[in-house]
$ cat input24.json   # JSON, C-alpha atoms
[["chain", "number", "residue", "atom", "x", "y", "z"],
["T", 222, "ALA", "CA", 0.00, 0.00, 0.00],
["T", 223, "THR", "CA", 2.79, 2.44, 0.83],
["T", 224, "ALA", "CA", 4.65, 1.61, -2.40],
["T", 225, "SER", "CA", 1.60, 2.50, -4.49],
["T", 226, "LEU", "CA", 1.10, 5.68, -2.46],
["T", 227, "ALA", "CA", 4.74, 6.61, -3.07],
["T", 228, "ARG", "CA", 4.35, 5.90, -6.81],
["T", 229, "SER", "CA", 1.31, 8.19, -6.87],
["T", 230, "LEU", "CA", 2.75, 11.02, -4.76],
["T", 231, "SER", "CA", 6.25, 11.13, -6.16],
["T", 232, "PRO", "CA", 5.43, 12.53, -9.64],
["T", 233, "LEU", "CA", 3.10, 15.13, -8.11],
["T", 234, "ILE", "CA", 5.74, 16.35, -5.67],
["T", 235, "TRP", "CA", 8.46, 16.36, -8.34],
["T", 236, "ASN", "CA", 6.16, 18.36, -10.60],
["T", 237, "ALA", "CA", 5.59, 20.88, -7.80],
["T", 238, "ALA", "CA", 9.37, 21.19, -7.34],
["T", 239, "ARG", "CA", 10.11, 22.27, -10.93],
["T", 240, "ARG", "CA", 11.87, 25.63, -11.18],
["T", 241, "SER", "CA", 9.04, 26.94, -13.37],
["T", 242, "GLN", "CA", 6.54, 26.46, -10.53],
["T", 243, "PRO", "CA", 5.76, 29.31, -8.12],
["T", 244, "LYS", "CA", 7.62, 29.57, -4.83],
["T", 245, "SER", "CA", 4.60, 28.30, -2.85],
["T", 246, "SER", "CA", 4.57, 25.11, -4.92],
["T", 247, "ARG", "CA", 8.30, 24.48, -4.47],
["T", 248, "LEU", "CA", 8.03, 25.27, -0.76],
["T", 249, "ALA", "CA", 5.20, 22.75, -0.40],
["T", 250, "ALA", "CA", 7.27, 20.18, -2.33],
["T", 251, "ALA", "CA", 10.15, 20.57, 0.13],
["T", 252, "ARG", "CA", 7.85, 20.21, 3.13],
["T", 253, "TRP", "CA", 5.87, 17.27, 1.71],
["T", 254, "SER", "CA", 9.06, 15.53, 0.70],
["T", 255, "HIS", "CA", 10.42, 15.73, 4.23],
["T", 256, "GLU", "CA", 7.21, 15.30, 6.24],
["T", 257, "LEU", "CA", 5.39, 12.76, 4.09],
["T", 258, "LEU", "CA", 7.42, 11.17, 1.30],
["T", 259, "SER", "CA", 10.46, 10.46, 3.50],
["T", 260, "HIS", "CA", 8.32, 8.07, 5.54],
["T", 261, "ILE", "CA", 7.28, 5.98, 2.54],
["T", 262, "ASP", "CA", 10.08, 6.47, -0.02],
["T", 263, "ALA", "CA", 13.18, 7.90, 1.67],
["T", 264, "PRO", "CA", 15.59, 7.68, -1.31],
["T", 265, "ASN", "CA", 13.22, 9.60, -3.57],
["T", 266, "ALA", "CA", 12.37, 12.11, -0.82],
["T", 267, "TYR", "CA", 16.02, 12.92, -0.16],
["T", 268, "HIS", "CA", 16.78, 13.05, -3.88],
["T", 269, "LEU", "CA", 14.10, 15.73, -4.16],
["T", 270, "LEU", "CA", 15.48, 17.56, -1.11],
["T", 271, "CYS", "CA", 18.99, 17.50, -2.62],
["T", 272, "PHE", "CA", 17.56, 19.02, -5.80],
["T", 273, "LEU", "CA", 15.62, 21.70, -3.90],
["T", 274, "SER", "CA", 18.60, 22.63, -1.74],
["T", 275, "GLY", "CA", 19.85, 24.67, -4.71],
["T", 276, "ASP", "CA", 16.57, 26.50, -5.29],
["T", 277, "ASP", "CA", 16.86, 30.19, -6.15],
["T", 278, "ASP", "CA", 14.49, 31.03, -3.31],
["T", 279, "ALA", "CA", 16.31, 31.12, 0.03],
["T", 280, "THR", "CA", 13.31, 29.80, 2.00],
["T", 281, "VAL", "CA", 12.82, 26.75, -0.22],
["T", 282, "SER", "CA", 16.55, 26.05, -0.19],
["T", 283, "MET", "CA", 16.80, 26.42, 3.59],
["T", 284, "ILE", "CA", 13.86, 24.08, 4.27],
["T", 285, "ALA", "CA", 15.46, 21.42, 2.04],
["T", 286, "LYS", "CA", 18.86, 21.85, 3.71],
["T", 287, "GLN", "CA", 17.32, 21.69, 7.19],
["T", 288, "ALA", "CA", 15.51, 18.47, 6.28],
["T", 289, "MET", "CA", 18.84, 17.05, 5.06],
["T", 290, "GLY", "CA", 20.67, 18.26, 8.18],
["T", 291, "VAL", "CA", 23.13, 20.42, 6.20],
["T", 292, "ASP", "CA", 21.80, 23.90, 6.91],
["T", 293, "LYS", "CA", 24.77, 25.02, 8.99],
["T", 294, "THR", "CA", 27.79, 26.84, 7.63],
["T", 295, "LEU", "CA", 30.30, 24.60, 5.91],
["T", 296, "GLY", "CA", 32.72, 23.24, 8.45],
["T", 297, "GLU", "CA", 30.24, 23.06, 11.30],
["T", 298, "ASP", "CA", 29.24, 19.61, 12.44],
["T", 299, "ILE", "CA", 26.00, 18.30, 11.07],
["T", 300, "ASN", "CA", 23.60, 18.55, 13.98],
["T", 301, "LEU", "CA", 21.46, 15.45, 14.11],
["T", 302, "SER", "CA", 20.33, 16.20, 17.67],
["T", 303, "SER", "CA", 17.64, 18.50, 16.28],
["T", 304, "TRP", "CA", 16.15, 15.63, 14.27],
["T", 305, "THR", "CA", 13.33, 13.60, 15.65],
["T", 306, "LYS", "CA", 13.66, 9.85, 16.00],
["T", 307, "ASP", "CA", 11.47, 9.43, 12.90],
["T", 308, "ASP", "CA", 13.82, 11.62, 10.84],
["T", 309, "SER", "CA", 16.86, 9.47, 11.52],
["T", 310, "ILE", "CA", 14.94, 6.22, 11.04],
["T", 311, "ASN", "CA", 13.81, 7.32, 7.58],
["T", 312, "LEU", "CA", 17.21, 8.31, 6.23],
["T", 313, "PRO", "CA", 18.16, 6.37, 3.12],
["T", 314, "SER", "CA", 21.39, 4.41, 3.13],
["T", 315, "PHE", "CA", 24.48, 5.70, 1.34],
["T", 316, "GLY", "CA", 23.92, 3.26, -1.53],
["T", 317, "GLU", "CA", 20.30, 4.36, -1.91],
["T", 318, "ILE", "CA", 21.35, 8.02, -2.02],
["T", 319, "MET", "CA", 24.01, 7.30, -4.62],
["T", 320, "SER", "CA", 21.56, 5.35, -6.78],
["T", 321, "SER", "CA", 18.83, 7.95, -6.47],
["T", 322, "VAL", "CA", 20.80, 11.20, -6.70],
["T", 323, "VAL", "CA", 23.80, 10.32, -8.86],
["T", 324, "ARG", "CA", 22.52, 7.56, -11.14],
["T", 325, "SER", "CA", 18.89, 8.64, -11.56],
["T", 326, "LYS", "CA", 17.45, 7.88, -14.96],
["T", 327, "SER", "CA", 14.07, 9.55, -14.58],
["T", 328, "ARG", "CA", 14.68, 12.62, -12.38],
["T", 329, "PRO", "CA", 17.26, 15.41, -12.38],
["T", 330, "LYS", "CA", 20.53, 13.91, -11.23],
["T", 331, "TYR", "CA", 23.47, 15.41, -9.38],
["T", 332, "THR", "CA", 25.28, 16.65, -12.50],
["T", 333, "GLU", "CA", 22.16, 18.64, -13.48],
["T", 334, "PHE", "CA", 21.77, 20.29, -10.05],
["T", 335, "HIS", "CA", 22.57, 23.92, -9.34],
["T", 336, "LEU", "CA", 26.02, 24.37, -7.77],
["T", 337, "ARG", "CA", 24.43, 25.16, -4.39],
["T", 338, "ALA", "CA", 22.47, 21.91, -4.59],
["T", 339, "GLN", "CA", 25.62, 19.99, -5.50],
["T", 340, "ALA", "CA", 27.41, 21.41, -2.44],
["T", 341, "ALA", "CA", 24.55, 20.51, -0.08],
["T", 342, "SER", "CA", 24.18, 17.09, -1.69],
["T", 343, "LEU", "CA", 27.88, 16.30, -1.25],
["T", 344, "ARG", "CA", 27.68, 17.24, 2.42],
["T", 345, "PHE", "CA", 24.61, 15.03, 2.84],
["T", 346, "MET", "CA", 26.35, 12.13, 1.06],
["T", 347, "VAL", "CA", 29.45, 12.49, 3.25],
["T", 348, "HIS", "CA", 27.25, 12.41, 6.34],
["T", 349, "SER", "CA", 25.50, 9.31, 5.04],
["T", 350, "LEU", "CA", 28.78, 7.62, 4.17],
["T", 351, "PHE", "CA", 30.11, 8.10, 7.70],
["T", 352, "SER", "CA", 26.85, 7.25, 9.42],
["T", 353, "GLU", "CA", 27.07, 4.28, 11.71],
["T", 354, "GLU", "CA", 24.92, 2.12, 9.43],
["T", 355, "SER", "CA", 27.06, 2.70, 6.34],
["T", 356, "PHE", "CA", 30.39, 2.73, 8.12],
["T", 357, "TYR", "CA", 29.80, -0.68, 9.61],
["T", 358, "GLY", "CA", 28.87, -2.63, 6.55],
["T", 359, "ASP", "CA", 25.99, -1.14, 4.59],
["T", 360, "GLU", "CA", 26.34, -1.98, 0.90],
["T", 361, "LEU", "CA", 29.77, -0.39, 0.46],
["T", 362, "GLY", "CA", 31.11, -3.50, -1.20],
["T", 363, "GLY", "CA", 29.69, -2.25, -4.49],
["T", 364, "ASP", "CA", 30.67, 0.61, -6.74],
["T", 365, "GLU", "CA", 29.08, 3.31, -4.58],
["T", 366, "LEU", "CA", 32.29, 4.46, -2.93],
["T", 367, "ARG", "CA", 34.21, 4.56, -6.22],
["T", 368, "ILE", "CA", 31.38, 6.49, -7.87],
["T", 369, "PHE", "CA", 31.26, 8.92, -4.93],
["T", 370, "VAL", "CA", 35.00, 9.64, -5.20],
["T", 371, "SER", "CA", 34.52, 10.18, -8.93],
["T", 372, "VAL", "CA", 31.64, 12.61, -8.23],
["T", 373, "ILE", "CA", 33.84, 14.56, -5.81],
["T", 374, "LEU", "CA", 36.70, 14.75, -8.31],
["T", 375, "ASP", "CA", 34.38, 15.80, -11.15],
["T", 376, "THR", "CA", 32.82, 18.46, -8.93],
["T", 377, "LEU", "CA", 36.22, 19.81, -7.89],
["T", 378, "SER", "CA", 37.26, 19.88, -11.54],
["T", 379, "SER", "CA", 34.10, 21.77, -12.43],
["T", 380, "TYR", "CA", 34.68, 24.33, -9.67],
["T", 381, "ARG", "CA", 38.32, 24.73, -10.71],
["T", 382, "GLY", "CA", 37.29, 25.22, -14.33],
["T", 383, "ARG", "CA", 34.82, 27.92, -13.36],
["T", 384, "SER", "CA", 37.31, 29.78, -11.17],
["T", 385, "MET", "CA", 39.95, 29.75, -13.93],
["T", 386, "SER", "CA", 37.67, 31.34, -16.52]]
$ encode --input "input24.json" --output "structure tokens"
Amino acid sequence: ATASLARSLSPLIWNAARRSQPKSSRLAAARWSHELLSHIDAPNAYHLLCFLSGDDDATVSMIAKQAMGVDKTLGEDINLSSWTKDDSINLPSFGEIMSSVVRSKSRPKYTEFHLRAQAASLRFMVHSLFSEESFYGDELGGDELRIFVSVILDTLSSYRGRSMS
């Protein structure tokens, strides 16, 4: 039942998150993704939040970053103490985030995100990678770690290329 609900809700929330939609629609998409979709389809919910973390509107972006736990200034520890128990239970694994955000075939993927969204997404992925669940034997035996290192290197190359021009 929850899988069919997720299949029904997901396209609606993604549609509301499109840049062409008004701020109120994108704001609702960020809230619904965190408060509703994360409980039934965490990888898709956090993929959407990663995408919205680069929104041109500061409020939409901040809500997405808060839901991801990366709303603090870079270099500050990610504060999970402000999350409820439900928030931490519904976090997708590192492998699920990599599959959803980096290798998506049907939704905007990491390489198509705004630079601000890429920065927030990388921070979220690092947090997920070093979470207790992933660190102690999630599905890191696969290609996820290699792909993540490649994403970091490609992102650094992109930033370097922009600063040189």
$ atom_distance --input "input24.json" --atom1 "atom CA of T:Lys293" --atom2 "atom CA of T:Ser325"
26.9 Å
$ closest_residue --input "input24.json" --among "T:Ile284, T:Leu312, T:Ala249, T:Ala222" --to "T:Asn236" --atoms "all atoms listed in the file"
T:Ala249
$ residues_around --input "input24.json" --residues "T:Asp364" --least-positions-apart "3" --cutoff "12 Å" --atoms "only C-alpha atoms" --output "VMD selection string"
chain T and resid 315 to 316 319 to 320 324 360 to 361 367 to 371
$ closest_residue --input "input24.json" --among "T:Ile373, T:Ile261, T:Ala251, T:Leu269" --to "T:Ser229" --atoms "only C-alpha atoms"
T:Ile261
$ atom_distance --input "input24.json" --atom1 "atom CA of T:Met289" --atom2 "atom CA of T:Ala341"
8.4 Å
$ atom_distance --input "input24.json" --atom1 "atom CA of T:Thr280" --atom2 "atom CA of T:Glu256"
16.3 Å
$ residues_around --input "input24.json" --residues "stretch 232-234 of chain T" --least-positions-apart "4" --cutoff "9 Å" --atoms "all atoms listed in the file" --output "VMD selection string"
chain T and resid 227 to 228 238 246 to 247 249 to 251 253 to 254 258 269
$ closest_residue --input "input24.json" --among "T:Ser231, T:Ser321, T:Ser314, T:Ser342" --to "T:Lys286" --atoms "all atoms listed in the file"
T:Ser342
$ decode --input "input24.json" --residues "stretch 272-289 of chain T" --atoms "N, CA, C and O atoms" --output "mmCIF file, in the first residue's frame"
data_model
loop_
_atom_site.group_PDB
_atom_site.id
_atom_site.type_symbol
_atom_site.label_atom_id
_atom_site.label_comp_id
_atom_site.auth_asym_id
_atom_site.auth_seq_id
_atom_site.Cartn_x
_atom_site.Cartn_y
_atom_site.Cartn_z
ATOM 1 N N PHE T 272 17.863 18.156 -4.661
ATOM 2 C CA PHE T 272 17.565 19.019 -5.800
ATOM 3 C C PHE T 272 17.098 20.403 -5.335
ATOM 4 O O PHE T 272 17.579 21.434 -5.804
ATOM 5 N N LEU T 273 16.175 20.439 -4.373
ATOM 6 C CA LEU T 273 15.618 21.704 -3.904
ATOM 7 C C LEU T 273 16.590 22.514 -3.050
ATOM 8 O O LEU T 273 16.387 23.713 -2.863
ATOM 9 N N SER T 274 17.637 21.889 -2.565
ATOM 10 C CA SER T 274 18.603 22.629 -1.742
ATOM 11 C C SER T 274 19.334 23.710 -2.549
ATOM 12 O O SER T 274 19.931 24.608 -1.974
ATOM 13 N N GLY T 275 19.255 23.645 -3.856
ATOM 14 C CA GLY T 275 19.854 24.673 -4.708
ATOM 15 C C GLY T 275 18.847 25.638 -5.293
ATOM 16 O O GLY T 275 19.168 26.405 -6.202
ATOM 17 N N ASP T 276 17.618 25.636 -4.776
ATOM 18 C CA ASP T 276 16.569 26.505 -5.292
ATOM 19 C C ASP T 276 16.981 27.969 -5.191
ATOM 20 O O ASP T 276 17.674 28.372 -4.257
ATOM 21 N N ASP T 277 16.546 28.762 -6.149
ATOM 22 C CA ASP T 277 16.860 30.189 -6.151
ATOM 23 C C ASP T 277 16.231 30.926 -4.975
ATOM 24 O O ASP T 277 16.740 31.954 -4.547
ATOM 25 N N ASP T 278 15.131 30.405 -4.460
ATOM 26 C CA ASP T 278 14.488 31.031 -3.305
ATOM 27 C C ASP T 278 15.155 30.535 -2.020
ATOM 28 O O ASP T 278 15.249 29.327 -1.781
ATOM 29 N N ALA T 279 15.579 31.464 -1.192
ATOM 30 C CA ALA T 279 16.312 31.123 0.033
ATOM 31 C C ALA T 279 15.473 30.295 1.004
ATOM 32 O O ALA T 279 16.004 29.411 1.681
ATOM 33 N N THR T 280 14.176 30.537 1.070
ATOM 34 C CA THR T 280 13.315 29.800 1.999
ATOM 35 C C THR T 280 13.194 28.338 1.569
ATOM 36 O O THR T 280 13.326 27.426 2.390
ATOM 37 N N VAL T 281 12.939 28.111 0.298
ATOM 38 C CA VAL T 281 12.821 26.749 -0.225
ATOM 39 C C VAL T 281 14.140 26.008 -0.003
ATOM 40 O O VAL T 281 14.163 24.872 0.504
ATOM 41 N N SER T 282 15.233 26.650 -0.355
ATOM 42 C CA SER T 282 16.552 26.048 -0.194
ATOM 43 C C SER T 282 16.842 25.721 1.269
ATOM 44 O O SER T 282 17.335 24.636 1.586
ATOM 45 N N MET T 283 16.518 26.631 2.179
ATOM 46 C CA MET T 283 16.801 26.418 3.595
ATOM 47 C C MET T 283 15.966 25.273 4.167
ATOM 48 O O MET T 283 16.472 24.461 4.942
ATOM 49 N N ILE T 284 14.710 25.170 3.782
ATOM 50 C CA ILE T 284 13.865 24.077 4.273
ATOM 51 C C ILE T 284 14.433 22.733 3.809
ATOM 52 O O ILE T 284 14.505 21.771 4.576
ATOM 53 N N ALA T 285 14.867 22.667 2.553
ATOM 54 C CA ALA T 285 15.455 21.423 2.039
ATOM 55 C C ALA T 285 16.741 21.096 2.794
ATOM 56 O O ALA T 285 16.950 19.953 3.202
ATOM 57 N N LYS T 286 17.591 22.089 2.995
ATOM 58 C CA LYS T 286 18.856 21.849 3.706
ATOM 59 C C LYS T 286 18.614 21.452 5.152
ATOM 60 O O LYS T 286 19.311 20.576 5.680
ATOM 61 N N GLN T 287 17.636 22.071 5.802
ATOM 62 C CA GLN T 287 17.317 21.693 7.186
ATOM 63 C C GLN T 287 16.854 20.250 7.250
ATOM 64 O O GLN T 287 17.250 19.494 8.138
ATOM 65 N N ALA T 288 16.007 19.847 6.303
ATOM 66 C CA ALA T 288 15.510 18.467 6.280
ATOM 67 C C ALA T 288 16.654 17.473 6.061
ATOM 68 O O ALA T 288 16.617 16.361 6.582
ATOM 69 N N MET T 289 17.680 17.907 5.323
ATOM 70 C CA MET T 289 18.838 17.051 5.062
ATOM 71 C C MET T 289 19.861 17.116 6.199
ATOM 72 O O MET T 289 20.784 16.315 6.241
#
